[in-house]
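Visitor: Got entry_22.cif for you, mmCIF, C-alpha atoms:
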```cif
data_final
#
loop_
_atom_site.label_atom_id
_atom_site.label_comp_id
_atom_site.auth_asym_id
_atom_site.auth_seq_id
_atom_site.Cartn_x
_atom_site.Cartn_y
_atom_site.Cartn_z
CA LEU A 739 74.32 -18.47 95.89
CA GLN A 740 77.36 -20.46 96.99
CA THR A 741 79.52 -18.80 94.32
CA ILE A 742 78.43 -15.36 95.44
CA ARG A 743 79.03 -16.18 99.11
CA ARG A 744 82.36 -18.00 98.74
CA VAL A 745 83.97 -16.24 95.78
CA LEU A 746 82.41 -12.90 94.92
CA VAL A 747 81.86 -11.43 98.40
CA PRO A 748 85.38 -12.19 99.75
CA VAL A 749 86.96 -10.67 96.65
CA ALA A 750 84.70 -7.59 96.66
CA LEU A 751 84.72 -7.07 100.44
CA ASN A 752 87.64 -4.65 100.34
CA GLY A 753 85.86 -2.39 97.86
CA ILE A 754 82.56 -2.60 99.72
CA ILE A 755 84.14 -1.59 103.03
CA THR A 756 86.09 1.21 101.34
CA GLY A 757 82.83 2.55 99.90
CA ILE A 758 81.17 2.43 103.31
CA CYS A 759 84.13 4.32 104.85
CA LEU A 760 84.01 7.00 102.17
CA VAL A 761 80.28 7.49 102.59
CA ALA A 762 80.54 7.66 106.39
CA GLY A 763 83.47 10.09 106.24
CA ARG A 764 81.67 12.32 103.80
CA ALA A 765 78.45 12.25 105.83
CA PHE A 766 80.30 13.20 109.01
CA GLY A 767 82.42 15.80 107.30
CA GLU A 768 79.82 17.70 105.34
CA SER A 769 77.68 19.94 107.47
CA ALA A 770 74.93 20.32 104.88
CA VAL A 771 74.15 16.61 104.80
CA ILE A 772 74.09 16.34 108.57
CA ILE A 773 71.98 19.48 108.99
CA LEU A 774 69.36 18.14 106.58
CA THR A 775 69.25 14.63 108.03
CA ALA A 776 69.62 15.24 111.76
CA GLY A 777 68.07 18.63 112.45
CA VAL A 778 69.34 21.67 114.24
CA SER A 779 67.24 21.97 117.39
CA THR A 780 68.60 21.51 120.90
CA SER A 781 66.94 21.11 124.27
CA GLY A 782 68.73 24.06 125.86
CA GLU A 783 70.02 22.09 128.83
CA MET A 784 73.73 21.40 129.22
CA TRP A 785 73.48 17.72 130.22
CA ASP A 786 70.23 16.40 128.83
CA PHE A 787 70.41 12.62 128.54
CA SER A 788 66.78 11.99 127.62
CA LEU A 789 66.29 9.91 124.47
CA PHE A 790 63.25 11.98 123.53
CA SER A 791 64.87 15.41 123.77
CA PRO A 792 66.00 17.11 120.54
CA GLY A 793 69.71 17.27 119.87
CA GLU A 794 72.31 18.55 117.46
CA THR A 795 75.15 16.90 115.62
CA LEU A 796 78.80 17.83 116.00
CA ALA A 797 78.91 19.60 112.63
CA VAL A 798 75.84 21.66 113.55
CA HIS A 799 77.45 22.55 116.88
CA LEU A 800 80.61 23.63 115.05
CA TRP A 801 78.59 25.83 112.69
CA TYR A 802 76.55 27.28 115.55
CA VAL A 803 79.61 28.18 117.65
CA GLN A 804 81.32 29.85 114.67
CA SER A 805 78.25 31.77 113.51
CA GLU A 806 76.85 32.95 116.85
CA ALA A 807 80.12 33.48 118.78
CA ILE A 808 78.39 34.42 122.02
CA VAL A 809 81.33 33.33 124.20
CA PRO A 810 84.79 34.89 124.11
CA ASP A 811 86.58 31.61 123.36
CA ALA A 812 84.29 30.58 120.47
CA THR A 813 87.21 30.05 118.10
CA GLU A 814 88.90 27.67 120.53
CA ILE A 815 85.65 25.75 121.05
CA ALA A 816 85.14 25.48 117.29
CA GLU A 817 88.70 24.24 116.77
CA LYS A 818 88.23 21.53 119.40
CA ALA A 819 84.89 20.52 117.93
CA ALA A 820 86.51 20.24 114.49
CA ALA A 821 89.29 18.11 115.97
CA VAL A 822 86.74 15.78 117.54
CA LEU A 823 84.90 15.57 114.20
CA VAL A 824 88.11 14.60 112.38
CA PHE A 825 88.96 12.10 115.13
CA VAL A 826 85.54 10.44 114.83
CA VAL A 827 85.97 10.06 111.06
CA LEU A 828 89.44 8.57 111.61
CA LEU A 829 88.08 6.09 114.16
CA ILE A 830 85.31 5.01 111.79
CA ASN A 831 87.84 4.42 109.03
CA LEU A 832 90.13 2.44 111.36
CA PHE A 833 87.20 0.45 112.70
CA PHE A 834 86.39 -0.76 109.19
CA ARG A 835 89.90 -1.04 107.74
CA VAL A 836 91.77 -2.95 110.47
CA PRO A 837 89.70 -6.15 110.10
CA LEU A 838 90.25 -5.96 106.34
CA TRP A 839 94.01 -5.69 106.80
CA ILE A 840 93.95 -8.68 109.15
CA ASN A 841 91.80 -10.67 106.73
CA SER A 842 94.08 -9.87 103.76
CA ARG A 843 97.14 -11.05 105.74
CA LYS A 844 95.38 -14.33 106.55
CA MET A 845 94.50 -14.91 102.89
CA ARG A 846 98.12 -14.48 101.73
#
```
As structure tokens, what does this structure read like?
Guide:
Amino acid sequence: LQTIRRVLVPVALNGIITGICLVAGRAFGESAVIILTAGVSTSGEMWDFSLFSPGETLAVHLWYVQSEAIVPDATEIAEKAAAVLVFVVLLINLFFRVPLWINSRKMR
């Protein structure tokens, strides 16, 4: 147990965190995975902050805006939603990678 905790985990931590980042990025980026795991229903209200109300994910919102196109600026809304989706994936990757970079500099 001490060998695993003091030797194996510190050496393998970089690969473990990289795997978590790849999985999170893929889950946020692929609409099919998010649609199946989170659902596609919404409450219908613009600002519904109830924890018990149904909601949609950002990828589902992006798909819905592109497929329905009931507003004249649907393309612009979809482009901004896609930018937010990419930004969230980037933040998740930075959130996990920056501590690893700091830790690797300390170990050198």
Visitor: Please indicate the distance in Å from atom CA of Asn841 of chain A to atom CA of Gly763 of chain A, rounded to one decimal place.
Guide: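 Computed distance, atom CA of Asn841 of chain A to atom CA of Gly763 of chain A, equals 22.4 Å.
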Visitor: What's the 9 Å shell around Arg835 of chain A, counting only C-alpha atoms, without same-chain residues fewer than 4 positions away, as number ranges by chain?
Guide: A: 752, 755-756, 759, 830-831, 839-840
Visitor: Could you take the residues named above and write them with C-alpha atoms, as a compact mmCIF listing (two decimals), keeping the file's coordinate frame?
Guide:
```
# COMPACT_ATOMS: atom_id res chain seq x y z
CA ASN A 752 87.64 -4.65 100.34
CA ILE A 755 84.14 -1.59 103.03
CA THR A 756 86.09 1.21 101.34
CA CYS A 759 84.13 4.32 104.85
CA ILE A 830 85.31 5.01 111.79
CA ASN A 831 87.84 4.42 109.03
CA TRP A 839 94.01 -5.69 106.80
CA ILE A 840 93.95 -8.68 109.15
```
Visitor: So how far away is atom CA of Arg843 of chain A from atom CA of Val826 of chain A, in Å?
Guide: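 The value is 26.1 Å.
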Visitor: Could you tell me how far atom CA of Gly757 of chain A lies from atom CA of Arg846 of chain A, in Å and to one decimal?
Guide: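 Separating atom CA of Gly757 of chain A from atom CA of Arg846 of chain A is a distance of 23.0 Å.
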Visitor: Since the input has fewer atoms than a full residue there, write segment 740-751 of chain A out with all heavy atoms, as a PDB file, in the frame of the given file.
Guide:
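Contents of result-v8.pdb, freshly written:
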```pdb
ATOM      1  N   GLN A 740      76.085 -20.070  96.388  1.00  0.00           N
ATOM      2  CA  GLN A 740      77.360 -20.460  96.990  1.00  0.00           C
ATOM      3  C   GLN A 740      78.527 -19.738  96.334  1.00  0.00           C
ATOM      4  O   GLN A 740      79.487 -19.357  97.007  1.00  0.00           O
ATOM      5  CB  GLN A 740      77.550 -21.979  96.864  1.00  0.00           C
ATOM      6  CG  GLN A 740      76.647 -22.776  97.756  1.00  0.00           C
ATOM      7  CD  GLN A 740      76.875 -24.264  97.597  1.00  0.00           C
ATOM      8  OE1 GLN A 740      77.705 -24.706  96.804  1.00  0.00           O
ATOM      9  NE2 GLN A 740      76.133 -25.050  98.373  1.00  0.00           N
ATOM     10  N   THR A 741      78.452 -19.524  95.022  1.00  0.00           N
ATOM     11  CA  THR A 741      79.520 -18.800  94.320  1.00  0.00           C
ATOM     12  C   THR A 741      79.592 -17.360  94.798  1.00  0.00           C
ATOM     13  O   THR A 741      80.679 -16.822  95.020  1.00  0.00           O
ATOM     14  CB  THR A 741      79.278 -18.840  92.806  1.00  0.00           C
ATOM     15  OG1 THR A 741      79.161 -20.197  92.396  1.00  0.00           O
ATOM     16  CG2 THR A 741      80.411 -18.172  92.062  1.00  0.00           C
ATOM     17  N   ILE A 742      78.449 -16.748  94.966  1.00  0.00           N
ATOM     18  CA  ILE A 742      78.430 -15.360  95.440  1.00  0.00           C
ATOM     19  C   ILE A 742      79.011 -15.289  96.853  1.00  0.00           C
ATOM     20  O   ILE A 742      79.824 -14.416  97.160  1.00  0.00           O
ATOM     21  CB  ILE A 742      76.991 -14.802  95.408  1.00  0.00           C
ATOM     22  CG1 ILE A 742      76.541 -14.625  93.960  1.00  0.00           C
ATOM     23  CG2 ILE A 742      76.904 -13.480  96.157  1.00  0.00           C
ATOM     24  CD1 ILE A 742      75.080 -14.278  93.816  1.00  0.00           C
ATOM     25  N   ARG A 743      78.593 -16.213  97.721  1.00  0.00           N
ATOM     26  CA  ARG A 743      79.030 -16.180  99.110  1.00  0.00           C
ATOM     27  C   ARG A 743      80.495 -16.545  99.283  1.00  0.00           C
ATOM     28  O   ARG A 743      81.211 -15.951 100.094  1.00  0.00           O
ATOM     29  CB  ARG A 743      78.162 -17.106  99.949  1.00  0.00           C
ATOM     30  CG  ARG A 743      78.340 -16.873 101.434  1.00  0.00           C
ATOM     31  CD  ARG A 743      77.491 -17.782 102.268  1.00  0.00           C
ATOM     32  NE  ARG A 743      78.116 -19.103 102.267  1.00  0.00           N
ATOM     33  CZ  ARG A 743      77.451 -20.247 102.330  1.00  0.00           C
ATOM     34  NH1 ARG A 743      76.152 -20.230 102.382  1.00  0.00           N
ATOM     35  NH2 ARG A 743      78.077 -21.397 102.340  1.00  0.00           N
ATOM     36  N   ARG A 744      80.996 -17.506  98.529  1.00  0.00           N
ATOM     37  CA  ARG A 744      82.360 -18.000  98.740  1.00  0.00           C
ATOM     38  C   ARG A 744      83.410 -17.357  97.853  1.00  0.00           C
ATOM     39  O   ARG A 744      84.590 -17.373  98.198  1.00  0.00           O
ATOM     40  CB  ARG A 744      82.392 -19.509  98.539  1.00  0.00           C
ATOM     41  CG  ARG A 744      81.621 -20.237  99.598  1.00  0.00           C
ATOM     42  CD  ARG A 744      81.758 -21.712  99.444  1.00  0.00           C
ATOM     43  NE  ARG A 744      80.965 -22.388 100.472  1.00  0.00           N
ATOM     44  CZ  ARG A 744      80.689 -23.663 100.436  1.00  0.00           C
ATOM     45  NH1 ARG A 744      81.119 -24.410  99.443  1.00  0.00           N
ATOM     46  NH2 ARG A 744      79.966 -24.204 101.395  1.00  0.00           N
ATOM     47  N   VAL A 745      82.992 -16.803  96.707  1.00  0.00           N
ATOM     48  CA  VAL A 745      83.970 -16.240  95.780  1.00  0.00           C
ATOM     49  C   VAL A 745      83.804 -14.733  95.636  1.00  0.00           C
ATOM     50  O   VAL A 745      84.747 -13.968  95.854  1.00  0.00           O
ATOM     51  CB  VAL A 745      83.875 -16.927  94.389  1.00  0.00           C
ATOM     52  CG1 VAL A 745      84.847 -16.289  93.407  1.00  0.00           C
ATOM     53  CG2 VAL A 745      84.123 -18.409  94.512  1.00  0.00           C
ATOM     54  N   LEU A 746      82.619 -14.303  95.270  1.00  0.00           N
ATOM     55  CA  LEU A 746      82.410 -12.900  94.920  1.00  0.00           C
ATOM     56  C   LEU A 746      82.510 -11.970  96.132  1.00  0.00           C
ATOM     57  O   LEU A 746      83.193 -10.945  96.075  1.00  0.00           O
ATOM     58  CB  LEU A 746      81.046 -12.742  94.243  1.00  0.00           C
ATOM     59  CG  LEU A 746      80.756 -11.362  93.672  1.00  0.00           C
ATOM     60  CD1 LEU A 746      81.743 -11.053  92.563  1.00  0.00           C
ATOM     61  CD2 LEU A 746      79.343 -11.311  93.152  1.00  0.00           C
ATOM     62  N   VAL A 747      81.847 -12.309  97.225  1.00  0.00           N
ATOM     63  CA  VAL A 747      81.860 -11.430  98.400  1.00  0.00           C
ATOM     64  C   VAL A 747      83.257 -11.308  99.015  1.00  0.00           C
ATOM     65  O   VAL A 747      83.689 -10.189  99.315  1.00  0.00           O
ATOM     66  CB  VAL A 747      80.809 -11.895  99.436  1.00  0.00           C
ATOM     67  CG1 VAL A 747      80.959 -11.142 100.746  1.00  0.00           C
ATOM     68  CG2 VAL A 747      79.413 -11.723  98.887  1.00  0.00           C
ATOM     69  N   PRO A 748      84.030 -12.388  99.200  1.00  0.00           N
ATOM     70  CA  PRO A 748      85.380 -12.190  99.750  1.00  0.00           C
ATOM     71  C   PRO A 748      86.289 -11.343  98.854  1.00  0.00           C
ATOM     72  O   PRO A 748      87.103 -10.567  99.361  1.00  0.00           O
ATOM     73  CB  PRO A 748      85.932 -13.612  99.876  1.00  0.00           C
ATOM     74  CG  PRO A 748      84.741 -14.479 100.018  1.00  0.00           C
ATOM     75  CD  PRO A 748      83.687 -13.823  99.174  1.00  0.00           C
ATOM     76  N   VAL A 749      86.128 -11.460  97.549  1.00  0.00           N
ATOM     77  CA  VAL A 749      86.960 -10.670  96.650  1.00  0.00           C
ATOM     78  C   VAL A 749      86.526  -9.203  96.659  1.00  0.00           C
ATOM     79  O   VAL A 749      87.349  -8.290  96.639  1.00  0.00           O
ATOM     80  CB  VAL A 749      86.903 -11.251  95.217  1.00  0.00           C
ATOM     81  CG1 VAL A 749      87.569 -10.320  94.227  1.00  0.00           C
ATOM     82  CG2 VAL A 749      87.562 -12.608  95.194  1.00  0.00           C
ATOM     83  N   ALA A 750      85.218  -8.955  96.731  1.00  0.00           N
ATOM     84  CA  ALA A 750      84.700  -7.590  96.660  1.00  0.00           C
ATOM     85  C   ALA A 750      84.595  -6.915  98.017  1.00  0.00           C
ATOM     86  O   ALA A 750      84.261  -5.736  98.086  1.00  0.00           O
ATOM     87  CB  ALA A 750      83.326  -7.607  96.001  1.00  0.00           C
ATOM     88  N   LEU A 751      84.896  -7.612  99.098  1.00  0.00           N
ATOM     89  CA  LEU A 751      84.720  -7.070 100.440  1.00  0.00           C
ATOM     90  C   LEU A 751      85.562  -5.825 100.674  1.00  0.00           C
ATOM     91  O   LEU A 751      85.103  -4.867 101.301  1.00  0.00           O
ATOM     92  CB  LEU A 751      85.040  -8.133 101.485  1.00  0.00           C
ATOM     93  CG  LEU A 751      84.650  -7.801 102.919  1.00  0.00           C
ATOM     94  CD1 LEU A 751      83.149  -7.623 103.013  1.00  0.00           C
ATOM     95  CD2 LEU A 751      85.117  -8.894 103.839  1.00  0.00           C
TER      96      LEU A 751
END
```
